[in-house]
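**Student:** The structure's right below; bear with me while I get my questions together.
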Protein chains: 2
Amino acid sequence: MPDPSYRRLDVDERRRQLLERGAELFTSNRYEELSMSRIAREVGISKSLLYHYFPSKQAFFEATLGAWAEELRARTEPDPALPPAEQLVASVGGFLGLVEENSVAYRNLISSATGVPEIRDLIAEVRHRTAERILAGIYPDGAPPKARVAVSGWLWFMDGACLDWIEHRDIDRDELRDLLIGTLVGALIATGSPPDLGGAG
Amino acid sequence: MPDPSYRRLDVDERRRQLLERGAELFTSNRYEELSMSRIAREVGISKSLLYHYFPSKQAFFEATLGAWAEELRARTEPDPALPPAEQLVASVGGFLGLVEENSVAYRNLISSATGVPEIRDLIAEVRHRTAERILAGIYPDGAPPKARVAVSGWLWFMDGACLDWIEHRDIDRDELRDLLIGTLVGALIATGSPPDLGGAG
């Protein structure tokens with residue numbers, strides 16, 4: 001059903017909403033099962049209006065992935081003026097907010113519900129870049145191999161813990177955030193060369 | 001090329017080898033791309049001999065998944081006579097041995113290279129059962145929700161850390177094992193209600 005307030009939305013906002021619904025559709029269905037007609041029907045707009053925003057299904061798909069990556073970056077980008085520990089707390093909090101607001105798309109993305117290679121590659125790339133960013137922040141002189149393994153593993157921990165959280169919803173977001181941070185600290189201690197996270201940034 | 005020693009192998013051993021190669025083939029190729037002819041060629045036996053062991057591609061595929069799950073279970077099954085901490089160390093060590101010996105299949109399995117739903121479901125199920133087993137072992141009176149989240153996340157950590165390890169091979173297996181155990185302990189401490197892992201089993 002079209003949203004009655006739809007006509008009042010401006011173009012950017014409409015595009016943003018389409019991308020949000022697109023993320024849900026593309027993560028809940030096999031790519032081949034979606035046509036532009038079906039997408040238009042599911043999001044409640046005409047097919048011609050959908051084509052006005054996105055020239056093809058592939059373009060729409062790529063735009064949803066790009067928007068998701070950009071949103072993730074924006075919400076988790078640390079403020080370099082803060083000490084590393086505070087940067088981490090803020091980034092993890094931002095990430096959990098994104099997960100909470102888009103839990104269906106997130107769950108499907110992470111559990112590779114669709115088997116689409118582009119999604120899998122995007123997740124791997126985001127994890128890779130995030131690990132590098134975290135390692136550069138906490139080991140400015142270069143990270144030892146064990147720390148790299150620990151941070152890489154921790155990014156997977158985060159996804160596994162979030163999937164469990166979304167499924168059960170029996171701990172609150174701040175508890176999860178503290179558990180995630182505590183686990184990273186624990187993993188870095190277990191490497192035998194923990195960084196000084198409390199130090200000035 | 002057929003292995004010259006092939007004829008001397010007995011039926012069980014031949015079947016075991018086929019399942020091992022099958023795990024590599026099915027995790028490295030899309031299911032549709034594999035035919036019984038191609039599988040026979042890749043493993044270096046005649047198609048009729050392959051059919052002698054497995055009546056269809058689907059049967060072979062299911063047998064490889066079942067064998068992998070069984071091997072994983074056998075290698076990680078803890079000895080209930082040991083204290084929980086020692087059970088964990090032994091299970092993680094067994095898991096890493098399996099990963100090391102089957103690193104190609106493992107990497108492809110975990111990174112969902114093929115997008116096959118059966119593989120994804122099997123991984124989810126194995127993680128679920130493993131989490132339950134670990135939680136029952138360390139929280140015999142029932143695990144608090146945060147501990148469930150922590151153990152679920154940790155099983156993902158293990159896979160993320162193993163993928164990094166396989167890629168770089170710059171830390172040794174025992175170092176990785178200790179890092180994994182240390183991270184689990186750290187995560188459980190971060191839940192605020194850590195179990196007494198040193199207690200008698």
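Chain lettering (A, B, ...) mirrors the order of the structure tokens, residue numbering begins at 1 for each chain separately, and ligand numbering begins at 1 in order of display.
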Should the cut-off be 9 Å, what would the residue list for chain B against chain A look like, counting only C-alpha atoms, as JSON, numbers by chain?

**Tutor:** {"B": [111, 112, 113, 114, 115, 116, 117, 120, 124, 145, 146, 148, 149, 150, 151, 152, 153, 154, 155, 156, 157, 158, 159, 160, 161, 162, 163, 164, 165, 168, 170, 171, 175, 176, 178, 179, 180, 181, 182, 183, 184, 185, 186, 187, 188, 189, 190, 191, 192]}

**Student:** Extract the full set of alpha helix (DSSP H) residues from segment 44-198 of chain B according to DSSP on the backbone, and format it as an NGL selection string.

**Tutor:** :B and (47-53 or 57-76 or 84-101 or 103-110 or 117-138 or 145-168 or 173-190)

**Student:** Quick one: residues within 10 Å of Leu98 of chain B, only C-alpha atoms, excluding same-chain residues fewer than 2 positions away - as a list of chain:residue names?

**Tutor:**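 Skipping anything fewer than 2 positions along the chain leaves B:Trp68, B:Glu71, B:Leu72, B:Arg75, B:Thr76, B:Val92, B:Gly93, B:Gly94, B:Phe95, B:Leu96, B:Glu100, B:Glu101, B:Asn102, B:Ser103, B:Tyr106.
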
**Student:** Looking at only C-alpha atoms, which of B:Leu19, B:Val126, B:Ala143, B:Val43 is the one that sits closest to Ala63 of chain B?

**Tutor:**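 Between B:Leu19, B:Val126, B:Ala143, B:Val43, the residue approaching Ala63 of chain B most closely is B:Leu19.
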
**Student:** For the atom pair atom CA of Lys47 of chain B and atom CA of Ser35 of chain B, what is the interatomic distance in Å to one decimal place?

**Tutor:**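 These atoms are spaced 10.2 Å apart.
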
**Student:** Nearest to Leu135 of chain A: which of A:Gly97, A:Leu88, A:Leu49, A:Glu118 is it, counting only C-alpha atoms?

**Tutor:**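 Answer, going by the shortest atom-to-atom distance: A:Leu88.
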
**Student:** Could you tell me how far atom CA of Arg30 of chain A sits from atom CA of Glu42 of chain A, in Å to one decimal place?

**Tutor:**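 Atom CA of Arg30 of chain A lies at a distance of 14.7 Å from atom CA of Glu42 of chain A.
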
**Student:** Rank nothing, just name the residue among B:Tyr53, B:Arg129, B:Ser91, B:Leu25 nearest to Pro78 of chain B, using only C-alpha atoms.

**Tutor:**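 Between B:Tyr53, B:Arg129, B:Ser91, B:Leu25, the residue approaching Pro78 of chain B most closely is B:Ser91.
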
**Student:** Rank A:Phe61, A:Tyr51, A:Ala74, A:Glu132 by their smallest atom-to-atom distance to Ser37 of chain A, using only C-alpha atoms, and report the top residue only.

**Tutor:**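 Ranking A:Phe61, A:Tyr51, A:Ala74, A:Glu132 by distance to Ser37 of chain A, first place goes to A:Tyr51.
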
**Student:** What's the separation between atom CA of Tyr31 of chain A and atom CA of Val99 of chain A, in Å to one decimal place?

**Tutor:**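 Distance reported for this atom pair: 22.3 Å.
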
**Student:** Considering only C-alpha atoms, state which residue in the set B:Glu70, B:Glu33, B:Glu62, B:Glu77 is at the smallest distance from Ile134 of chain B.

**Tutor:**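 Result for the nearest residue to Ile134 of chain B: B:Glu77.
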